[in-house]
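So this one's upload-v3.pdb, PDB, C-alpha atoms and all ligand atoms:
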ATOM      1  CA  MET A  16     115.960  93.534 107.308
ATOM      2  CA  VAL A  17     113.717  91.151 105.444
ATOM      3  CA  ASN A  18     113.949  91.213 101.683
ATOM      4  CA  TYR A  19     110.436  91.295 100.272
ATOM      5  CA  MET A  20     111.114  88.271  98.069
ATOM      6  CA  ASP A  21     111.840  86.334 101.258
ATOM      7  CA  TYR A  22     108.484  87.431 102.579
ATOM      8  CA  VAL A  23     106.683  86.362  99.420
ATOM      9  CA  ASN A  24     108.251  82.953  99.467
ATOM     10  CA  ASN A  25     108.244  82.373 103.198
ATOM     11  CA  VAL A  26     105.534  82.319 105.778
ATOM     12  CA  ASN A  27     105.731  83.799 109.243
ATOM     13  CA  GLU A  28     105.656  80.511 111.167
ATOM     14  CA  THR A  29     104.771  82.279 114.401
ATOM     15  CA  GLU A  30     101.429  83.465 113.005
ATOM     16  CA  ASN A  31      98.480  82.219 115.004
ATOM     17  CA  LYS A  32      96.014  80.974 112.415
ATOM     18  CA  GLU A  33      93.221  80.654 114.991
ATOM     19  CA  GLU A  34      93.510  84.336 115.804
ATOM     20  CA  ALA A  35      93.476  85.191 112.080
ATOM     21  CA  ARG A  36      90.285  83.118 111.686
ATOM     22  CA  GLU A  37      88.666  84.810 114.688
ATOM     23  CA  VAL A  38      89.387  88.250 113.195
ATOM     24  CA  GLY A  39      88.128  87.098 109.797
ATOM     25  CA  LYS A  40      84.835  85.944 111.283
ATOM     26  CA  ILE A  41      84.115  89.197 113.127
ATOM     27  CA  SER A  42      85.106  91.176 110.008
ATOM     28  CA  TYR A  43      82.565  89.261 107.969
ATOM     29  CA  GLU A  44      79.858  89.682 110.626
ATOM     30  CA  ALA A  45      80.469  93.435 110.563
ATOM     31  CA  LEU A  46      80.404  93.454 106.756
ATOM     32  CA  MET A  47      77.001  91.711 106.731
ATOM     33  CA  LYS A  48      75.724  94.215 109.289
ATOM     34  CA  ALA A  49      76.775  97.075 106.997
ATOM     35  CA  LYS A  50      75.202  95.350 104.002
ATOM     36  CA  ASP A  51      71.848  95.073 105.801
ATOM     37  CA  MET A  52      71.889  98.766 106.784
ATOM     38  CA  ILE A  53      72.536 100.131 103.287
ATOM     39  CA  LYS A  54      69.151 101.373 102.055
ATOM     40  CA  PRO A  55      68.087 104.459 100.074
ATOM     41  CA  GLY A  56      67.824 107.374 102.513
ATOM     42  CA  ALA A  57      70.055 105.834 105.200
ATOM     43  CA  LYS A  58      72.958 108.041 106.291
ATOM     44  CA  LEU A  59      76.442 106.793 105.439
ATOM     45  CA  ILE A  60      77.774 108.067 108.756
ATOM     46  CA  ASP A  61      75.183 106.089 110.734
ATOM     47  CA  VAL A  62      76.233 102.880 108.975
ATOM     48  CA  ALA A  63      79.927 103.641 109.575
ATOM     49  CA  ASN A  64      79.444 104.473 113.273
ATOM     50  CA  GLU A  65      77.264 101.462 113.982
ATOM     51  CA  VAL A  66      79.460  98.931 112.191
ATOM     52  CA  GLU A  67      82.724 100.270 113.616
ATOM     53  CA  ASN A  68      81.245 100.395 117.128
ATOM     54  CA  PHE A  69      79.955  96.824 116.755
ATOM     55  CA  VAL A  70      83.554  95.647 116.299
ATOM     56  CA  ILE A  71      84.890  97.837 119.135
ATOM     57  CA  ASP A  72      82.113  96.713 121.521
ATOM     58  CA  LYS A  73      83.107  93.087 120.847
ATOM     59  CA  GLY A  74      86.619  93.931 122.062
ATOM     60  CA  TYR A  75      88.382  94.161 118.677
ATOM     61  CA  ASP A  76      90.283  96.941 116.969
ATOM     62  CA  ILE A  77      89.599  98.177 113.450
ATOM     63  CA  ALA A  78      91.930  97.276 110.573
ATOM     64  CA  PHE A  79      90.748 100.290 108.521
ATOM     65  CA  PRO A  80      87.683 102.580 108.576
ATOM     66  CA  LEU A  81      84.478 101.292 106.971
ATOM     67  CA  ASN A  82      84.795 102.037 103.244
ATOM     68  CA  LEU A  83      81.529 103.019 101.546
ATOM     69  CA  SER A  84      82.576 103.823  97.987
ATOM     70  CA  ILE A  85      79.736 104.710  95.630
ATOM     71  CA  ASN A  86      79.335 104.231  91.829
ATOM     72  CA  ASP A  87      82.591 105.268  90.074
ATOM     73  CA  GLU A  88      84.402 105.410  93.416
ATOM     74  CA  ALA A  89      86.223 102.087  93.707
ATOM     75  CA  ALA A  90      87.718 102.379  97.199
ATOM     76  CA  HIS A  91      88.795 104.526 100.176
ATOM     77  CA  TYR A  92      85.694 106.635 100.726
ATOM     78  CA  THR A  93      84.539 106.889 104.321
ATOM     79  CA  PRO A  94      82.159 109.582 105.606
ATOM     80  CA  ALA A  95      83.575 112.889 106.810
ATOM     81  CA  TYR A  96      82.943 114.181 110.329
ATOM     82  CA  MET A  97      79.329 115.472 110.580
ATOM     83  CA  ASN A  98      78.664 114.370 106.988
ATOM     84  CA  THR A  99      74.931 114.192 106.186
ATOM     85  CA  LYS A 100      75.160 112.255 102.906
ATOM     86  CA  THR A 101      72.551 109.512 102.373
ATOM     87  CA  PHE A 102      72.439 106.527 100.019
ATOM     88  CA  GLY A 103      70.552 107.238  96.773
ATOM     89  CA  ASP A 104      68.062 104.983  94.996
ATOM     90  CA  ASN A 105      70.550 104.171  92.240
ATOM     91  CA  ASP A 106      73.769 103.843  94.225
ATOM     92  CA  VAL A 107      76.139 100.934  93.744
ATOM     93  CA  VAL A 108      77.982 100.709  97.066
ATOM     94  CA  LYS A 109      81.278  98.932  97.636
ATOM     95  CA  VAL A 110      81.512  98.020 101.319
ATOM     96  CA  ASP A 111      85.062  97.096 102.365
ATOM     97  CA  PHE A 112      85.985  96.489 105.995
ATOM     98  CA  GLY A 113      88.148  94.629 108.492
ATOM     99  CA  ALA A 114      88.417  94.091 112.235
ATOM    100  CA  ALA A 115      91.807  93.714 113.922
ATOM    101  CA  LYS A 116      93.368  92.058 116.952
ATOM    102  CA  ASP A 117      97.029  91.889 117.962
ATOM    103  CA  GLY A 118      97.957  93.025 114.450
ATOM    104  CA  TYR A 119      95.860  90.367 112.690
ATOM    105  CA  LEU A 120      93.854  92.270 110.097
ATOM    106  CA  GLY A 121      90.570  91.287 108.470
ATOM    107  CA  ASP A 122      89.784  92.384 104.912
ATOM    108  CA  CYS A 123      86.562  91.616 103.041
ATOM    109  CA  ALA A 124      84.156  93.387 100.718
ATOM    110  CA  VAL A 125      80.752  93.133  99.043
ATOM    111  CA  THR A 126      78.862  95.345  96.615
ATOM    112  CA  VAL A 127      75.305  96.452  97.375
ATOM    113  CA  ASP A 128      73.424  97.443  94.201
ATOM    114  CA  LEU A 129      70.509  99.665  95.234
ATOM    115  CA  SER A 130      69.655 100.393  91.577
ATOM    116  CA  GLY A 131      69.013  96.752  90.697
ATOM    117  CA  GLU A 132      70.521  97.531  87.299
ATOM    118  CA  TYR A 133      74.053  96.311  87.871
ATOM    119  CA  SER A 134      73.459  92.803  89.178
ATOM    120  CA  ASN A 135      75.428  91.329  86.237
ATOM    121  CA  LEU A 136      78.399  93.545  87.036
ATOM    122  CA  VAL A 137      78.261  92.586  90.721
ATOM    123  CA  ASP A 138      77.861  88.900  89.826
ATOM    124  CA  ALA A 139      80.912  89.103  87.556
ATOM    125  CA  THR A 140      83.081  90.027  90.559
ATOM    126  CA  LYS A 141      81.469  87.359  92.756
ATOM    127  CA  GLU A 142      81.972  84.634  90.160
ATOM    128  CA  ALA A 143      85.507  85.819  89.452
ATOM    129  CA  LEU A 144      86.280  85.526  93.156
ATOM    130  CA  GLU A 145      84.709  82.049  93.453
ATOM    131  CA  ASN A 146      86.617  80.856  90.386
ATOM    132  CA  ALA A 147      89.866  82.322  91.709
ATOM    133  CA  VAL A 148      89.380  80.740  95.121
ATOM    134  CA  SER A 149      88.725  77.362  93.490
ATOM    135  CA  ILE A 150      92.302  77.262  92.130
ATOM    136  CA  VAL A 151      94.122  78.731  95.162
ATOM    137  CA  LYS A 152      96.533  76.270  96.754
ATOM    138  CA  ALA A 153     100.238  76.053  97.515
ATOM    139  CA  GLY A 154     102.298  76.227  94.315
ATOM    140  CA  VAL A 155      99.809  78.208  92.212
ATOM    141  CA  GLU A 156     101.344  81.115  90.317
ATOM    142  CA  ILE A 157      99.939  84.604  90.936
ATOM    143  CA  LYS A 158      99.338  85.106  87.205
ATOM    144  CA  GLU A 159      97.014  82.073  87.116
ATOM    145  CA  ILE A 160      94.734  83.748  89.641
ATOM    146  CA  GLY A 161      94.707  86.942  87.584
ATOM    147  CA  LYS A 162      94.029  84.998  84.425
ATOM    148  CA  ILE A 163      90.910  83.275  85.784
ATOM    149  CA  ILE A 164      89.584  86.546  87.291
ATOM    150  CA  ASN A 165      90.029  88.353  83.969
ATOM    151  CA  LYS A 166      88.432  85.536  81.967
ATOM    152  CA  THR A 167      85.374  85.348  84.225
ATOM    153  CA  ILE A 168      84.808  89.111  84.112
ATOM    154  CA  VAL A 169      85.369  89.403  80.339
ATOM    155  CA  ASP A 170      83.102  86.392  79.624
ATOM    156  CA  LYS A 171      80.314  88.249  81.451
ATOM    157  CA  GLY A 172      80.792  91.288  79.190
ATOM    158  CA  PHE A 173      82.820  93.524  81.547
ATOM    159  CA  ILE A 174      86.486  94.374  82.163
ATOM    160  CA  PRO A 175      88.633  94.178  85.313
ATOM    161  CA  ILE A 176      90.208  97.206  86.953
ATOM    162  CA  LYS A 177      93.888  96.715  86.157
ATOM    163  CA  ASN A 178      95.519  98.813  88.860
ATOM    164  CA  LEU A 179      93.596  97.414  91.828
ATOM    165  CA  GLY A 180      93.920  93.886  93.118
ATOM    166  CA  GLY A 181      94.445  91.421  95.898
ATOM    167  CA  HIS A 182      97.432  91.230  98.210
ATOM    168  CA  GLY A 183      99.265  89.332 100.902
ATOM    169  CA  VAL A 184      98.316  90.104 104.507
ATOM    170  CA  ASN A 185     100.927  90.168 107.278
ATOM    171  CA  ILE A 186     100.816  91.167 110.940
ATOM    172  CA  HIS A 187     100.116  94.939 111.018
ATOM    173  CA  GLU A 188     100.539  95.048 107.222
ATOM    174  CA  LEU A 189      97.299  94.974 105.233
ATOM    175  CA  HIS A 190      98.781  95.380 101.784
ATOM    176  CA  ALA A 191     101.768  93.072 101.755
ATOM    177  CA  GLU A 192     103.433  91.325  98.815
ATOM    178  CA  PRO A 193     102.449  89.679  96.579
ATOM    179  CA  PHE A 194     100.150  91.998  94.602
ATOM    180  CA  ILE A 195      97.485  89.804  92.980
ATOM    181  CA  ALA A 196      96.416  91.499  89.750
ATOM    182  CA  ASN A 197      92.929  90.988  88.324
ATOM    183  CA  PHE A 198      94.462  89.907  84.995
ATOM    184  CA  ASP A 199      97.454  87.842  83.849
ATOM    185  CA  ASN A 200     100.372  90.164  84.649
ATOM    186  CA  GLY A 201     103.007  87.501  84.043
ATOM    187  CA  ASP A 202     103.900  87.156  87.756
ATOM    188  CA  ASP A 203     105.113  83.566  88.200
ATOM    189  CA  THR A 204     105.571  83.883  91.977
ATOM    190  CA  LYS A 205     104.134  80.766  93.578
ATOM    191  CA  LEU A 206     101.774  80.915  96.565
ATOM    192  CA  VAL A 207     103.157  79.258  99.678
ATOM    193  CA  GLU A 208     101.255  77.101 102.168
ATOM    194  CA  GLY A 209     100.225  79.047 105.256
ATOM    195  CA  ARG A 210     100.352  82.492 103.634
ATOM    196  CA  ARG A 211      97.405  84.809 104.212
ATOM    197  CA  ILE A 212      96.092  86.616 101.145
ATOM    198  CA  ALA A 213      93.072  88.661 100.098
ATOM    199  CA  ILE A 214      91.650  88.315  96.596
ATOM    200  CA  GLU A 215      89.454  91.158  95.374
ATOM    201  CA  PRO A 216      88.201  91.289  91.790
ATOM    202  CA  PHE A 217      87.083  94.773  90.729
ATOM    203  CA  ALA A 218      85.088  95.110  87.500
ATOM    204  CA  THR A 219      83.727  97.972  85.438
ATOM    205  CA  LEU A 220      81.859  98.499  82.164
ATOM    206  CA  LYS A 221      83.478  97.592  78.842
ATOM    207  CA  SER A 222      83.078 101.222  77.726
ATOM    208  CA  ALA A 223      85.245 102.419  80.677
ATOM    209  CA  LYS A 224      89.052 102.566  80.884
ATOM    210  CA  GLY A 225      89.404  99.960  83.618
ATOM    211  CA  LEU A 226      91.817 102.064  85.668
ATOM    212  CA  VAL A 227      91.478 104.043  88.893
ATOM    213  CA  THR A 228      93.119 107.311  89.845
ATOM    214  CA  GLU A 229      93.279 109.359  93.057
ATOM    215  CA  SER A 230      90.549 111.973  93.487
ATOM    216  CA  GLU A 231      90.998 115.144  95.559
ATOM    217  CA  THR A 232      89.073 113.709  98.504
ATOM    218  CA  ALA A 233      90.739 111.943 101.432
ATOM    219  CA  GLU A 234      89.055 110.890 104.679
ATOM    220  CA  ILE A 235      91.371 107.971 105.523
ATOM    221  CA  PHE A 236      94.960 108.516 106.676
ATOM    222  CA  GLY A 237      97.987 106.668 108.013
ATOM    223  CA  PHE A 238     100.500 107.765 110.670
ATOM    224  CA  VAL A 239     104.012 108.381 109.289
ATOM    225  CA  GLU A 240     106.111 110.056 112.002
ATOM    226  CA  ASP A 241     105.946 112.719 114.686
ATOM    227  CA  ASN A 242     106.944 116.006 113.053
ATOM    228  CA  PRO A 243     106.390 119.157 115.149
ATOM    229  CA  SER A 244     103.424 121.299 114.114
ATOM    230  CA  ARG A 245     102.950 124.976 115.031
ATOM    231  CA  LEU A 246      99.194 124.606 115.404
ATOM    232  CA  PRO A 247      98.058 123.547 118.890
ATOM    233  CA  TYR A 248      95.007 121.716 117.559
ATOM    234  CA  ALA A 249      97.124 119.850 114.984
ATOM    235  CA  ARG A 250      99.352 118.755 117.887
ATOM    236  CA  ASN A 251      96.264 117.510 119.776
ATOM    237  CA  ILE A 252      95.147 115.506 116.764
ATOM    238  CA  LEU A 253      98.626 114.039 116.340
ATOM    239  CA  SER A 254      98.801 112.968 119.984
ATOM    240  CA  GLY A 255      95.436 111.223 119.525
ATOM    241  CA  ILE A 256      96.780 109.451 116.453
ATOM    242  CA  LYS A 257      99.959 108.379 118.265
ATOM    243  CA  ASP A 258      97.878 107.047 121.176
ATOM    244  CA  LYS A 259      95.460 104.885 119.243
ATOM    245  CA  TYR A 260      96.050 104.872 115.498
ATOM    246  CA  ASN A 261      99.788 104.606 115.003
ATOM    247  CA  SER A 262      99.758 101.295 113.150
ATOM    248  CA  GLU A 263      96.489 100.927 111.197
ATOM    249  CA  PRO A 264      94.731 103.545 109.002
ATOM    250  CA  PHE A 265      92.199 105.876 110.659
ATOM    251  CA  ALA A 266      89.320 108.186 109.668
ATOM    252  CA  ALA A 267      89.441 111.961 110.230
ATOM    253  CA  ARG A 268      86.110 111.737 112.095
ATOM    254  CA  TRP A 269      87.704 109.460 114.722
ATOM    255  CA  LEU A 270      89.783 112.439 115.949
ATOM    256  CA  ALA A 271      86.872 114.881 116.369
ATOM    257  CA  ASP A 272      87.069 114.704 120.182
ATOM    258  CA  LYS A 273      90.635 116.111 120.072
ATOM    259  CA  VAL A 274      89.498 119.501 118.717
ATOM    260  CA  LYS A 275      86.810 122.165 119.244
ATOM    261  CA  SER A 276      85.331 122.365 115.738
ATOM    262  CA  LYS A 277      85.097 120.790 112.312
ATOM    263  CA  PHE A 278      87.316 123.613 111.049
ATOM    264  CA  GLU A 279      90.075 122.701 113.539
ATOM    265  CA  LEU A 280      89.751 119.013 112.657
ATOM    266  CA  TYR A 281      90.264 119.457 108.923
ATOM    267  CA  SER A 282      92.781 122.298 109.033
ATOM    268  CA  GLY A 283      94.710 120.294 111.640
ATOM    269  CA  ILE A 284      94.621 117.212 109.408
ATOM    270  CA  ASN A 285      95.809 119.298 106.436
ATOM    271  CA  ASP A 286      98.695 120.666 108.496
ATOM    272  CA  LEU A 287      99.731 117.134 109.520
ATOM    273  CA  ILE A 288      99.719 116.075 105.865
ATOM    274  CA  LYS A 289     101.859 119.098 104.942
ATOM    275  CA  MET A 290     104.275 118.275 107.789
ATOM    276  CA  GLU A 291     104.361 114.658 106.533
ATOM    277  CA  SER A 292     103.283 113.376 109.942
ATOM    278  CA  ILE A 293     100.405 111.530 108.267
ATOM    279  CA  GLU A 294      99.688 110.399 104.711
ATOM    280  CA  PRO A 295      96.289 110.550 102.985
ATOM    281  CA  TYR A 296      94.690 107.589 101.220
ATOM    282  CA  ASN A 297      92.732 109.485  98.585
ATOM    283  CA  VAL A 298      89.464 108.149  97.264
ATOM    284  CA  LEU A 299      90.148 106.034  94.161
ATOM    285  CA  VAL A 300      87.801 106.673  91.237
ATOM    286  CA  GLU A 301      87.500 104.996  87.853
ATOM    287  CA  ILE A 302      89.296 107.339  85.420
ATOM    288  CA  SER A 303      86.472 107.500  82.876
ATOM    289  CA  GLY A 304      83.660 107.562  85.454
ATOM    290  CA  GLY A 305      82.756 103.881  84.956
ATOM    291  CA  MET A 306      80.515 102.066  87.411
ATOM    292  CA  VAL A 307      82.599  99.785  89.675
ATOM    293  CA  ALA A 308      81.784  96.567  91.571
ATOM    294  CA  GLN A 309      84.009  94.571  93.940
ATOM    295  CA  THR A 310      83.910  91.367  95.993
ATOM    296  CA  GLU A 311      86.649  90.261  98.407
ATOM    297  CA  TYR A 312      87.581  87.415 100.756
ATOM    298  CA  GLU A 313      90.633  86.869 102.912
ATOM    299  CA  MET A 314      92.032  83.344 103.065
ATOM    300  CA  ILE A 315      94.895  81.150 104.188
ATOM    301  CA  VAL A 316      96.664  79.185 101.439
ATOM    302  CA  GLU A 317      96.679  75.461 102.175
ATOM    303  CA  LYS A 318      98.479  72.518 100.588
ATOM    304  CA  ASP A 319      95.597  71.472  98.312
ATOM    305  CA  SER A 320      93.093  74.348  98.627
ATOM    306  CA  CYS A 321      92.520  77.424 100.766
ATOM    307  CA  ASP A 322      90.647  78.302 103.926
ATOM    308  CA  ILE A 323      88.427  81.376 103.531
ATOM    309  CA  ILE A 324      88.595  83.140 106.883
ATOM    310  CA  THR A 325      86.162  86.025 106.252
ATOM    311  CA  LYS A 326      83.042  83.926 106.736
ATOM    312  CA  LEU A 327      80.760  82.915 109.610
TER     313      LEU A 327
HETATM  314 CO    CO B   1      91.927  94.081 100.374
END

Would you encode the structure as structure tokens?
Ligand code: CO
Amino acid sequence: MVNYMDYVNNVNETENKEEAREVGKISYEALMKAKDMIKPGAKLIDVANEVENFVIDKGYDIAFPLNLSINDEAAHYTPAYMNTKTFGDNDVVKVDFGAAKDGYLGDCAVTVDLSGEYSNLVDATKEALENAVSIVKAGVEIKEIGKIINKTIVDKGFIPIKNLGGHGVNIHELHAEPFIANFDNGDDTKLVEGRRIAIEPFATLKSAKGLVTESETAEIFGFVEDNPSRLPYARNILSGIKDKYNSEPFAARWLADKVKSKFELYSGINDLIKMESIEPYNVLVEISGGMVAQTEYEMIVEKDSCDIITKL
């Protein structure tokens, strides 16, 4: 049993950094593909299918379903099975995605502002990320990263989202310690050379609360354990999950071929949640309905700087 403080302060020496870089590169390629496809009138589900299949066709797995969170949604929205929703003229779309291989997980995000009215908000998160990355190196305290993110966002006239932030990345563990807040939270944990982290400033309007909460909607889930269900179609879905999606999060729509109808898919999923065989990752929305932007890179902490791995 590894104590989490050991994990924070130690690095898994067996990690293959080349493989992490390879996964980072394909994640970023997929992210740019999604970015190019997001246009008013385009269907969300077409973007999700094409980008996810791009990664699969290249021989990689998926770290988590393509997130396309719009306006006050900050994270965790992915299209439902047979969903016909299209991007609107004024949508601000957070695209968050990662490829995977042998448990190495990519994680990167951009915001596409179709309205053209929130470029300052988007830029605040980009600049906050660049400023944060410029100070990342072995020995830096987590709170220093939060402090520079907060300052950059506030100087631009916005506020950070306080209960979303960056994180360590381990093999098969996307959200590992340490949590990297987007403000100075007093955490004096020091970053260690060789550790993989993701930094992801989220910003919203000054008039908003700067906090997210879970909405009713969930389209992304994680496997917990195999608890027997009475419903035959729920059992089919669960066997599909155990086959292919037992370590990384999955989308409900990925299990559509295990059932005969959309009704069976979603009532089966609901039964699996009730049986605690799977857990939902509900869509996270800004509490006061504030517009949200996000930018994210994954990187490896080095002695005197860091190596951004989600790039070409
Ligand atoms: Co992340």

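Of the residues under consideration (A:Glu34, A:Glu291, A:Glu301, A:Asp117), A:Glu301 shows the shortest atom-to-atom contact distance to Lys224 (chain A) when counting only C-alpha atoms.
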
#### Entry: Minimum-distance residue to Asn261 (chain A), chosen among A:Leu226, A:Val239, A:Ala90, A:Val169 (using only C-alpha atoms)
A:Val239

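Using only C-alpha atoms and all ligand atoms, we find that the residues with an atom at most 8 Å from any atom of ligand CO 1 (chain B) are Asp111, Asp122, Cys123, Ala124, Gly180, Gly181, His182, Leu189, His190, Ala213, Ile214, Glu215, Glu311, Tyr312 and Glu313 of chain A.
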
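All polymer residues at most 6 Å from (101.2, 90.5, 98.1), using all atoms listed in the file, appear as His182, Gly183, Ala191, Glu192, Pro193 and Phe194 of chain A.
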
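For Gly283 (chain A), the non-local neighbours within 10 Å, defined as residues at least 2 positions apart in the same chain or in other chains and counting all atoms listed in the file, are Ser244, Leu246, Pro247, Tyr248, Ala249, Arg250, Asn251, Ile252, Leu253, Ala267, Val274, Lys277, Phe278, Glu279, Leu280, Tyr281, Asn285, Asp286, Leu287, Ile288 and Lys289 of chain A.
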
### Task
Given the file shown, enumerate the residues that the PyMOL selection byres (((chain A and resi 231) around 10) and not hetatm) captures and present them as a PyMOL selection string.
chain A and resi 228-230+232-233+297-299

Sorted by chain and rising residue number, list the residues of region 67-109 of chain A at most 10 Å from region 40-48 of chain A (counting all atoms listed in the file), each with its closest atom pair and distance in Å to one decimal, as a Markdown table.
| residue | atom | partner | partner_atom | distance |
| --- | --- | --- | --- | --- |
| A:Glu67 | CA | A:Ala45 | CA | 7.8 |
| A:Asn68 | CA | A:Ala45 | CA | 9.6 |
| A:Phe69 | CA | A:Ala45 | CA | 7.1 |
| A:Val70 | CA | A:Ala45 | CA | 6.9 |
| A:Lys73 | CA | A:Ile41 | CA | 8.7 |
| A:Tyr75 | CA | A:Ile41 | CA | 8.6 |
| A:Ile77 | CA | A:Ser42 | CA | 9.0 |
| A:Ala78 | CA | A:Ser42 | CA | 9.2 |
| A:Leu81 | CA | A:Leu46 | CA | 8.8 |

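Distance annotation: of A:Leu129, A:Val110, A:Ala143, A:Ile284, the residue with the minimal separation from Gly56 (chain A) is A:Leu129; atom set is only C-alpha atoms.
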
### Atom pair CA of Arg268 (chain A) / CA of Ser130 (chain A): separation (Å)
28.6 Å

### Query
Given the choices A:Gly74, A:Leu206, A:Ile212, A:Ala63, which gets closest to Asp322 (chain A) if the distance is worked out from only C-alpha atoms?
A:Ile212

### Task
Please provide the set of residues having any atom within 10 Å of Ala89 (chain A), restricted to all atoms listed in the file, with same-chain residues fewer than 5 positions apart removed, written as a count of residues only.
23

### Query
Residues picked by the PyMOL selection byres (((chain A and resi 140) around 6) and not hetatm) here, as an MDAnalysis selection string?
chainID A and resid 137:139 141:143 216 309:310

Would you pick out the contacts of Thr101 (chain A) at 6 Å or less, using all atoms listed in the file, so that residues sharing its chain but fewer than 6 positions from it are not included, and give the list as a PDB file with C-alpha atoms, in the coordinates of the input?
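For reference, selection-v1.pdb as written:
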ATOM      1  CA  GLY A  56      67.824 107.374 102.513  1.00  0.00           C
ATOM      2  CA  ALA A  57      70.055 105.834 105.200  1.00  0.00           C
ATOM      3  CA  LYS A  58      72.958 108.041 106.291  1.00  0.00           C
ATOM      4  CA  LEU A  59      76.442 106.793 105.439  1.00  0.00           C
TER       5      LEU A  59
END
